[in-house]
$ cat entry_11.tsv   # TSV, C-alpha atoms
chain	number	residue	atom	x	y	z
A	18	TYR	CA	-19.44	82.21	16.43
A	19	LYS	CA	-22.20	83.23	14.02
A	20	SER	CA	-22.15	79.95	12.13
A	21	GLY	CA	-22.33	78.01	15.41
A	22	VAL	CA	-25.23	80.11	16.68
A	23	ASP	CA	-27.03	79.88	13.32
A	24	LYS	CA	-26.68	76.10	13.40
A	25	LEU	CA	-28.04	75.85	16.96
A	26	LEU	CA	-30.92	78.19	16.16
A	27	ALA	CA	-31.79	76.26	12.99
A	28	GLU	CA	-31.78	72.97	14.92
A	29	GLU	CA	-33.61	74.16	18.03
A	30	CYS	CA	-35.78	77.05	16.87
A	31	GLY	CA	-36.09	77.28	13.12
A	32	GLU	CA	-38.75	80.02	13.32
A	33	VAL	CA	-36.20	82.34	14.90
A	34	ILE	CA	-33.59	81.98	12.17
A	35	GLU	CA	-36.28	82.40	9.49
A	36	LYS	CA	-37.20	85.89	10.81
A	37	ILE	CA	-33.68	87.31	10.53
A	38	PRO	CA	-33.62	88.04	6.76
A	39	SER	CA	-36.83	90.08	6.97
A	40	ILE	CA	-35.43	92.09	9.89
A	41	ILE	CA	-32.31	92.86	7.87
A	42	ASP	CA	-34.39	93.81	4.81
A	43	ARG	CA	-36.48	96.19	6.89
A	44	LEU	CA	-33.44	97.76	8.48
A	45	ASN	CA	-31.89	98.22	5.05
A	46	ALA	CA	-35.05	100.05	3.94
A	47	GLY	CA	-34.36	102.48	6.77
A	48	ASP	CA	-37.65	104.41	6.89
A	49	ARG	CA	-39.61	104.81	10.14
A	50	GLU	CA	-42.27	102.26	9.25
A	51	ALA	CA	-39.67	99.67	8.26
A	52	ILE	CA	-37.74	100.30	11.49
A	53	SER	CA	-40.93	99.78	13.52
A	54	HIS	CA	-41.61	96.51	11.68
A	55	ALA	CA	-38.01	95.36	12.25
A	56	LEU	CA	-38.38	95.97	15.99
A	57	THR	CA	-41.69	94.11	16.03
A	58	SER	CA	-39.88	91.22	14.37
A	59	CYS	CA	-37.12	91.40	17.00
A	60	ARG	CA	-39.78	91.06	19.69
A	61	ARG	CA	-41.27	88.13	17.78
A	62	VAL	CA	-37.82	86.53	17.61
A	63	ILE	CA	-37.64	86.63	21.40
A	64	ASP	CA	-41.20	85.30	21.71
A	65	SER	CA	-40.60	82.46	19.22
A	66	PHE	CA	-37.33	81.67	20.95
A	67	ALA	CA	-39.13	81.31	24.29
A	68	ASP	CA	-41.74	79.01	22.76
A	69	ALA	CA	-39.05	76.82	21.18
A	70	ILE	CA	-36.68	76.44	24.12
A	71	PHE	CA	-39.22	76.32	26.96
A	72	PRO	CA	-42.81	75.65	25.88
A	73	PRO	CA	-45.59	76.91	28.15
A	74	THR	CA	-46.12	74.82	31.24
A	75	SER	CA	-47.59	74.96	34.69
A	76	PRO	CA	-46.02	77.25	37.28
A	77	ALA	CA	-42.71	76.39	38.91
A	78	MET	CA	-41.50	77.22	42.38
A	79	GLY	CA	-38.75	79.74	42.73
A	80	ASP	CA	-35.89	79.50	45.19
A	81	ASP	CA	-37.81	81.80	47.53
A	82	GLY	CA	-40.91	79.59	47.45
A	83	GLU	CA	-42.85	81.93	45.18
A	84	GLU	CA	-44.63	80.60	42.13
A	85	ILE	CA	-43.06	81.46	38.75
A	86	LEU	CA	-45.64	81.76	35.98
A	87	LEU	CA	-44.55	79.83	32.88
A	88	THR	CA	-47.69	80.11	30.75
A	89	SER	CA	-47.79	81.20	27.12
A	90	GLU	CA	-47.91	84.90	27.96
A	91	HIS	CA	-44.92	84.71	30.35
A	92	LYS	CA	-42.23	84.38	27.71
A	93	ARG	CA	-39.42	86.09	29.62
A	94	ASN	CA	-40.07	83.90	32.66
A	95	ARG	CA	-39.74	80.80	30.48
A	96	ILE	CA	-36.47	82.00	28.95
A	97	LEU	CA	-35.12	82.77	32.42
A	98	GLN	CA	-36.20	79.34	33.68
A	99	TYR	CA	-34.30	77.77	30.76
A	100	VAL	CA	-31.22	79.80	31.71
A	101	LYS	CA	-31.61	78.87	35.37
A	102	GLN	CA	-31.62	75.16	34.47
A	103	ARG	CA	-28.51	75.38	32.26
A	104	CYS	CA	-26.26	78.04	33.74
A	105	GLU	CA	-24.31	77.61	36.95
A	106	SER	CA	-22.87	81.12	37.12
A	107	SER	CA	-25.11	83.39	39.17
A	108	SER	CA	-23.47	86.52	37.76
A	109	ARG	CA	-24.13	85.31	34.21
A	110	LYS	CA	-27.77	84.57	35.08
A	111	ILE	CA	-28.14	88.09	36.45
A	112	LYS	CA	-26.53	89.56	33.33
A	113	ILE	CA	-28.82	87.57	31.03
A	114	ARG	CA	-31.91	88.53	33.07
A	115	GLN	CA	-31.01	92.21	32.95
A	116	SER	CA	-30.16	92.07	29.25
A	117	LEU	CA	-33.40	90.28	28.40
A	118	THR	CA	-35.53	92.68	30.44
A	119	ASN	CA	-33.88	95.78	28.98
A	120	LEU	CA	-33.86	94.47	25.43
A	121	TYR	CA	-37.47	93.28	25.46
A	122	GLY	CA	-38.60	96.57	26.87
A	123	ARG	CA	-36.68	98.52	24.26
A	124	VAL	CA	-37.82	96.53	21.21
A	125	SER	CA	-41.39	96.71	22.53
A	126	SER	CA	-41.33	100.47	23.09
A	127	GLY	CA	-39.52	101.00	19.81
A	128	VAL	CA	-42.64	99.82	18.02
A	129	HIS	CA	-44.50	102.92	19.26
A	130	ALA	CA	-41.67	105.45	19.54
A	131	ASP	CA	-39.23	106.88	17.08
A	132	VAL	CA	-36.03	104.86	17.08
A	133	THR	CA	-33.10	105.81	14.91
A	134	LEU	CA	-31.84	103.41	12.32
A	135	ASN	CA	-28.56	103.00	14.18
A	136	GLU	CA	-30.34	102.16	17.44
A	137	ALA	CA	-32.63	99.69	15.63
A	138	LYS	CA	-29.60	97.96	14.12
A	139	SER	CA	-28.00	97.80	17.55
A	140	LEU	CA	-31.17	96.32	19.05
A	141	PHE	CA	-31.27	93.68	16.31
A	142	PHE	CA	-27.66	92.68	16.99
A	143	GLU	CA	-28.32	92.63	20.74
A	144	THR	CA	-31.30	90.35	20.12
A	145	TYR	CA	-29.22	87.98	18.00
A	146	LEU	CA	-26.33	87.93	20.48
A	147	LEU	CA	-28.60	87.35	23.45
A	148	VAL	CA	-30.50	84.44	21.91
A	149	GLY	CA	-27.15	83.11	20.70
A	150	GLU	CA	-25.70	83.24	24.19
A	151	ILE	CA	-28.74	81.54	25.69
A	152	ILE	CA	-29.04	78.78	23.06
A	153	SER	CA	-25.32	78.08	23.51
A	154	LEU	CA	-25.75	77.27	27.20
$ encode --input "entry_11.tsv" --output "structure tokens"
Amino acid sequence: YKSGVDKLLAEECGEVIEKIPSIIDRLNAGDREAISHALTSCRRVIDSFADAIFPPTSPAMGDDGEEILLTSEHKRNRILQYVKQRCESSSRKIKIRQSLTNLYGRVSSGVHADVTLNEAKSLFFETYLLVGEIISL
């Protein structure tokens, strides 16, 4: 699975795969500052991933007729629009939306709060698995 995801990421979003070694190095350092930097890099992985798979564009219309902002600062919206276009399972879309929202919030707050090394490692793996699942759609 990892080699398949790595290949897709390298082909579709090279910036994402390039950030992974530095995240691992920082997590291996294990001190608070390194953990904070690793979580910042996890957030940047998600941001770079959004830019690669769904570049900023003009708003789209949602199913309910409301406008969905897809500009450069609306990265999660763009990832979710990508998922919406490629995934037929509504339960999987919901799961991905919830995972993305929770994960992004946690890696963002982890930059300012104390996060244990074990939690930081878990957040890194969750980031990798989530972008892997999405790029594999």
$ closest_residue --input "entry_11.tsv" --among "A:Pro38, A:Pro76, A:Gly21, A:Gly122" --to "Arg95 (chain A)" --atoms "only C-alpha atoms"
A:Pro76
$ residues_around --input "entry_11.tsv" --residues "Ile41 (chain A)" --least-positions-apart "3" --cutoff "10 Å" --atoms "all atoms listed in the file" --output "list in words"
Lys36, Ile37, Pro38, Leu44, Asn45, Ala46, Gly47, Ile52, Ala55, Lys138 and Phe141 of chain A
$ closest_residue --input "entry_11.tsv" --among "A:Ala51, A:Ile70, A:Met78, A:Leu140" --to "Leu117 (chain A)" --atoms "all atoms listed in the file"
A:Leu140
$ atom_distance --input "entry_11.tsv" --atom1 "CA of Gln98 (chain A)" --atom2 "CA of Val62 (chain A)"
17.7 Å
$ closest_atom_pairs --input "entry_11.tsv" --of "region 38-129 of chain A" --to "region 27-31 of chain A" --cutoff "8 Å" --atoms "all atoms listed in the file" --output "JSON lines"
{"residue": "A:Ser65", "atom": "CA", "partner": "A:Cys30", "partner_atom": "CA", "distance": 7.6}
{"residue": "A:Phe66", "atom": "CA", "partner": "A:Cys30", "partner_atom": "CA", "distance": 6.4}
{"residue": "A:Ala69", "atom": "CA", "partner": "A:Cys30", "partner_atom": "CA", "distance": 5.4}
{"residue": "A:Ile70", "atom": "CA", "partner": "A:Glu29", "partner_atom": "CA", "distance": 7.2}
$ write_last_selection --input "entry_11.tsv" --atoms "C-alpha atoms" --output "PDB file, keeping the file's coordinate frame"
ATOM      1  CA  SER A  65     -40.600  82.460  19.220  1.00  0.00           C
ATOM      2  CA  PHE A  66     -37.330  81.670  20.950  1.00  0.00           C
ATOM      3  CA  ALA A  69     -39.050  76.820  21.180  1.00  0.00           C
ATOM      4  CA  ILE A  70     -36.680  76.440  24.120  1.00  0.00           C
TER       5      ILE A  70
END
$ residues_near_point --input "entry_11.tsv" --point "(-27.7, 81.2, 21.7)" --cutoff "12 Å" --atoms "all atoms listed in the file" --output "PDB file with C-alpha atoms, keeping the file's coordinate frame"
ATOM      1  CA  TYR A  18     -19.440  82.210  16.430  1.00  0.00           C
ATOM      2  CA  LYS A  19     -22.200  83.230  14.020  1.00  0.00           C
ATOM      3  CA  SER A  20     -22.150  79.950  12.130  1.00  0.00           C
ATOM      4  CA  GLY A  21     -22.330  78.010  15.410  1.00  0.00           C
ATOM      5  CA  VAL A  22     -25.230  80.110  16.680  1.00  0.00           C
ATOM      6  CA  ASP A  23     -27.030  79.880  13.320  1.00  0.00           C
ATOM      7  CA  LYS A  24     -26.680  76.100  13.400  1.00  0.00           C
ATOM      8  CA  LEU A  25     -28.040  75.850  16.960  1.00  0.00           C
ATOM      9  CA  LEU A  26     -30.920  78.190  16.160  1.00  0.00           C
ATOM     10  CA  ALA A  27     -31.790  76.260  12.990  1.00  0.00           C
ATOM     11  CA  GLU A  28     -31.780  72.970  14.920  1.00  0.00           C
ATOM     12  CA  GLU A  29     -33.610  74.160  18.030  1.00  0.00           C
ATOM     13  CA  CYS A  30     -35.780  77.050  16.870  1.00  0.00           C
ATOM     14  CA  VAL A  33     -36.200  82.340  14.900  1.00  0.00           C
ATOM     15  CA  ILE A  34     -33.590  81.980  12.170  1.00  0.00           C
ATOM     16  CA  ILE A  63     -37.640  86.630  21.400  1.00  0.00           C
ATOM     17  CA  PHE A  66     -37.330  81.670  20.950  1.00  0.00           C
ATOM     18  CA  ALA A  67     -39.130  81.310  24.290  1.00  0.00           C
ATOM     19  CA  ILE A  70     -36.680  76.440  24.120  1.00  0.00           C
ATOM     20  CA  ILE A  96     -36.470  82.000  28.950  1.00  0.00           C
ATOM     21  CA  TYR A  99     -34.300  77.770  30.760  1.00  0.00           C
ATOM     22  CA  VAL A 100     -31.220  79.800  31.710  1.00  0.00           C
ATOM     23  CA  ILE A 113     -28.820  87.570  31.030  1.00  0.00           C
ATOM     24  CA  GLU A 143     -28.320  92.630  20.740  1.00  0.00           C
ATOM     25  CA  THR A 144     -31.300  90.350  20.120  1.00  0.00           C
ATOM     26  CA  TYR A 145     -29.220  87.980  18.000  1.00  0.00           C
ATOM     27  CA  LEU A 146     -26.330  87.930  20.480  1.00  0.00           C
ATOM     28  CA  LEU A 147     -28.600  87.350  23.450  1.00  0.00           C
ATOM     29  CA  VAL A 148     -30.500  84.440  21.910  1.00  0.00           C
ATOM     30  CA  GLY A 149     -27.150  83.110  20.700  1.00  0.00           C
ATOM     31  CA  GLU A 150     -25.700  83.240  24.190  1.00  0.00           C
ATOM     32  CA  ILE A 151     -28.740  81.540  25.690  1.00  0.00           C
ATOM     33  CA  ILE A 152     -29.040  78.780  23.060  1.00  0.00           C
ATOM     34  CA  SER A 153     -25.320  78.080  23.510  1.00  0.00           C
ATOM     35  CA  LEU A 154     -25.750  77.270  27.200  1.00  0.00           C
TER      36      LEU A 154
END
$ residues_around --input "entry_11.tsv" --residues "Asp131 (chain A)" --least-positions-apart "2" --cutoff "12 Å" --atoms "all atoms listed in the file" --output "PDB file with C-alpha atoms, in the frame of the given file"
ATOM      1  CA  ASP A  48     -37.650 104.410   6.890  1.00  0.00           C
ATOM      2  CA  ARG A  49     -39.610 104.810  10.140  1.00  0.00           C
ATOM      3  CA  GLU A  50     -42.270 102.260   9.250  1.00  0.00           C
ATOM      4  CA  ALA A  51     -39.670  99.670   8.260  1.00  0.00           C
ATOM      5  CA  ILE A  52     -37.740 100.300  11.490  1.00  0.00           C
ATOM      6  CA  SER A  53     -40.930  99.780  13.520  1.00  0.00           C
ATOM      7  CA  HIS A  54     -41.610  96.510  11.680  1.00  0.00           C
ATOM      8  CA  LEU A  56     -38.380  95.970  15.990  1.00  0.00           C
ATOM      9  CA  ARG A 123     -36.680  98.520  24.260  1.00  0.00           C
ATOM     10  CA  VAL A 124     -37.820  96.530  21.210  1.00  0.00           C
ATOM     11  CA  SER A 125     -41.390  96.710  22.530  1.00  0.00           C
ATOM     12  CA  SER A 126     -41.330 100.470  23.090  1.00  0.00           C
ATOM     13  CA  GLY A 127     -39.520 101.000  19.810  1.00  0.00           C
ATOM     14  CA  VAL A 128     -42.640  99.820  18.020  1.00  0.00           C
ATOM     15  CA  HIS A 129     -44.500 102.920  19.260  1.00  0.00           C
ATOM     16  CA  THR A 133     -33.100 105.810  14.910  1.00  0.00           C
ATOM     17  CA  LEU A 134     -31.840 103.410  12.320  1.00  0.00           C
ATOM     18  CA  ASN A 135     -28.560 103.000  14.180  1.00  0.00           C
ATOM     19  CA  GLU A 136     -30.340 102.160  17.440  1.00  0.00           C
ATOM     20  CA  ALA A 137     -32.630  99.690  15.630  1.00  0.00           C
TER      21      ALA A 137
END
$ closest_residue --input "entry_11.tsv" --among "A:Arg60, A:Arg43, A:Lys110, A:Lys101" --to "Ala77 (chain A)" --atoms "all atoms listed in the file"
A:Lys101
$ atom_distance --input "entry_11.tsv" --atom1 "CA of Glu90 (chain A)" --atom2 "CA of Arg61 (chain A)"
12.6 Å
$ closest_residue --input "entry_11.tsv" --among "A:Ala130, A:Gln102, A:Arg93, A:Ser58" --to "Arg114 (chain A)" --atoms "all atoms listed in the file"
A:Arg93
$ atom_distance --input "entry_11.tsv" --atom1 "CA of Ile111 (chain A)" --atom2 "CA of Asp81 (chain A)"
16.0 Å
$ decode --input "entry_11.tsv" --residues "region 95-131 of chain A" --atoms "N, CA, C and O atoms" --output "compact mmCIF listing (two decimals), in the first residue's frame"
# COMPACT_ATOMS: atom_id res chain seq x y z
N ARG A 95 -11.39 22.57 -1.13
CA ARG A 95 -10.91 22.06 -2.40
C ARG A 95 -10.64 20.56 -2.34
O ARG A 95 -10.96 19.82 -3.27
N ILE A 96 -10.09 20.10 -1.21
CA ILE A 96 -9.89 18.65 -1.06
C ILE A 96 -11.23 17.94 -1.08
O ILE A 96 -11.40 16.91 -1.75
N LEU A 97 -12.21 18.48 -0.38
CA LEU A 97 -13.52 17.85 -0.32
C LEU A 97 -14.23 17.88 -1.67
O LEU A 97 -14.96 16.94 -2.02
N GLN A 98 -14.00 18.92 -2.45
CA GLN A 98 -14.57 18.97 -3.80
C GLN A 98 -13.94 17.90 -4.68
O GLN A 98 -14.62 17.24 -5.46
N TYR A 99 -12.64 17.68 -4.53
CA TYR A 99 -11.94 16.61 -5.24
C TYR A 99 -12.55 15.26 -4.88
O TYR A 99 -12.83 14.44 -5.76
N VAL A 100 -12.76 15.04 -3.60
CA VAL A 100 -13.36 13.78 -3.12
C VAL A 100 -14.76 13.63 -3.70
O VAL A 100 -15.14 12.56 -4.19
N LYS A 101 -15.53 14.69 -3.65
CA LYS A 101 -16.90 14.65 -4.14
C LYS A 101 -16.96 14.25 -5.62
O LYS A 101 -17.83 13.48 -6.02
N GLN A 102 -15.98 14.70 -6.39
CA GLN A 102 -15.96 14.40 -7.83
C GLN A 102 -15.49 12.97 -8.12
O GLN A 102 -15.73 12.47 -9.21
N ARG A 103 -14.83 12.31 -7.17
CA ARG A 103 -14.23 11.01 -7.45
C ARG A 103 -14.76 9.85 -6.62
O ARG A 103 -14.40 8.71 -6.86
N CYS A 104 -15.59 10.15 -5.67
CA CYS A 104 -16.06 9.10 -4.75
C CYS A 104 -17.58 9.01 -4.82
O CYS A 104 -18.28 10.00 -4.63
N GLU A 105 -18.07 7.82 -5.07
CA GLU A 105 -19.51 7.63 -5.17
C GLU A 105 -20.16 7.31 -3.83
O GLU A 105 -21.33 7.56 -3.63
N SER A 106 -19.41 6.77 -2.91
CA SER A 106 -19.95 6.36 -1.61
C SER A 106 -20.16 7.56 -0.70
O SER A 106 -19.21 8.24 -0.32
N SER A 107 -21.41 7.81 -0.34
CA SER A 107 -21.67 8.96 0.53
C SER A 107 -21.11 8.75 1.93
O SER A 107 -20.64 9.68 2.57
N SER A 108 -21.12 7.50 2.41
CA SER A 108 -20.57 7.25 3.75
C SER A 108 -19.05 7.47 3.75
O SER A 108 -18.49 7.97 4.73
N ARG A 109 -18.39 7.12 2.66
CA ARG A 109 -16.95 7.34 2.59
C ARG A 109 -16.64 8.83 2.51
O ARG A 109 -15.68 9.31 3.12
N LYS A 110 -17.44 9.58 1.77
CA LYS A 110 -17.26 11.03 1.70
C LYS A 110 -17.40 11.66 3.08
O LYS A 110 -16.61 12.54 3.45
N ILE A 111 -18.40 11.22 3.82
CA ILE A 111 -18.61 11.73 5.18
C ILE A 111 -17.41 11.41 6.06
O ILE A 111 -16.91 12.25 6.80
N LYS A 112 -16.94 10.18 5.97
CA LYS A 112 -15.78 9.75 6.76
C LYS A 112 -14.55 10.58 6.44
O LYS A 112 -13.83 11.04 7.33
N ILE A 113 -14.30 10.81 5.15
CA ILE A 113 -13.14 11.60 4.74
C ILE A 113 -13.30 13.04 5.22
O ILE A 113 -12.34 13.63 5.73
N ARG A 114 -14.49 13.62 5.09
CA ARG A 114 -14.73 14.99 5.54
C ARG A 114 -14.45 15.12 7.05
O ARG A 114 -13.76 16.03 7.49
N GLN A 115 -14.98 14.19 7.81
CA GLN A 115 -14.78 14.23 9.26
C GLN A 115 -13.31 14.03 9.62
O GLN A 115 -12.77 14.74 10.48
N SER A 116 -12.67 13.09 8.96
CA SER A 116 -11.25 12.84 9.22
C SER A 116 -10.41 14.06 8.89
O SER A 116 -9.52 14.46 9.67
N LEU A 117 -10.67 14.68 7.75
CA LEU A 117 -9.91 15.85 7.33
C LEU A 117 -10.12 17.01 8.31
O LEU A 117 -9.16 17.66 8.74
N THR A 118 -11.35 17.25 8.69
CA THR A 118 -11.65 18.34 9.61
C THR A 118 -10.97 18.13 10.96
O THR A 118 -10.32 19.03 11.50
N ASN A 119 -11.10 16.93 11.50
CA ASN A 119 -10.49 16.63 12.80
C ASN A 119 -8.97 16.68 12.73
O ASN A 119 -8.32 17.26 13.61
N LEU A 120 -8.41 16.09 11.69
CA LEU A 120 -6.96 16.04 11.56
C LEU A 120 -6.37 17.43 11.37
O LEU A 120 -5.40 17.80 12.02
N TYR A 121 -6.96 18.22 10.50
CA TYR A 121 -6.45 19.56 10.24
C TYR A 121 -6.51 20.41 11.50
O TYR A 121 -5.57 21.14 11.83
N GLY A 122 -7.60 20.28 12.21
CA GLY A 122 -7.72 21.02 13.46
C GLY A 122 -6.67 20.60 14.47
O GLY A 122 -6.09 21.43 15.17
N ARG A 123 -6.41 19.31 14.54
CA ARG A 123 -5.45 18.81 15.53
C ARG A 123 -4.01 19.17 15.17
O ARG A 123 -3.25 19.59 16.04
N VAL A 124 -3.61 19.04 13.90
CA VAL A 124 -2.24 19.42 13.56
C VAL A 124 -2.05 20.93 13.67
O VAL A 124 -0.97 21.39 14.00
N SER A 125 -3.11 21.69 13.44
CA SER A 125 -3.02 23.15 13.58
C SER A 125 -2.91 23.55 15.05
O SER A 125 -2.09 24.40 15.41
N SER A 126 -3.71 22.96 15.91
CA SER A 126 -3.65 23.31 17.33
C SER A 126 -2.40 22.75 17.98
O SER A 126 -1.88 23.31 18.94
N GLY A 127 -1.88 21.67 17.45
CA GLY A 127 -0.67 21.07 17.99
C GLY A 127 0.55 21.95 17.84
O GLY A 127 1.55 21.79 18.55
N VAL A 128 0.48 22.91 16.93
CA VAL A 128 1.57 23.84 16.74
C VAL A 128 1.70 24.75 17.96
O VAL A 128 2.78 25.17 18.33
N HIS A 129 0.58 25.04 18.62
CA HIS A 129 0.57 25.98 19.75
C HIS A 129 0.45 25.29 21.10
O HIS A 129 0.65 25.91 22.13
N ALA A 130 0.07 24.03 21.11
CA ALA A 130 -0.15 23.31 22.37
C ALA A 130 0.87 22.19 22.49
O ALA A 130 1.47 21.76 21.51
N ASP A 131 1.01 21.74 23.70
CA ASP A 131 1.90 20.61 23.93
C ASP A 131 1.24 19.33 23.42
O ASP A 131 0.11 19.03 23.79
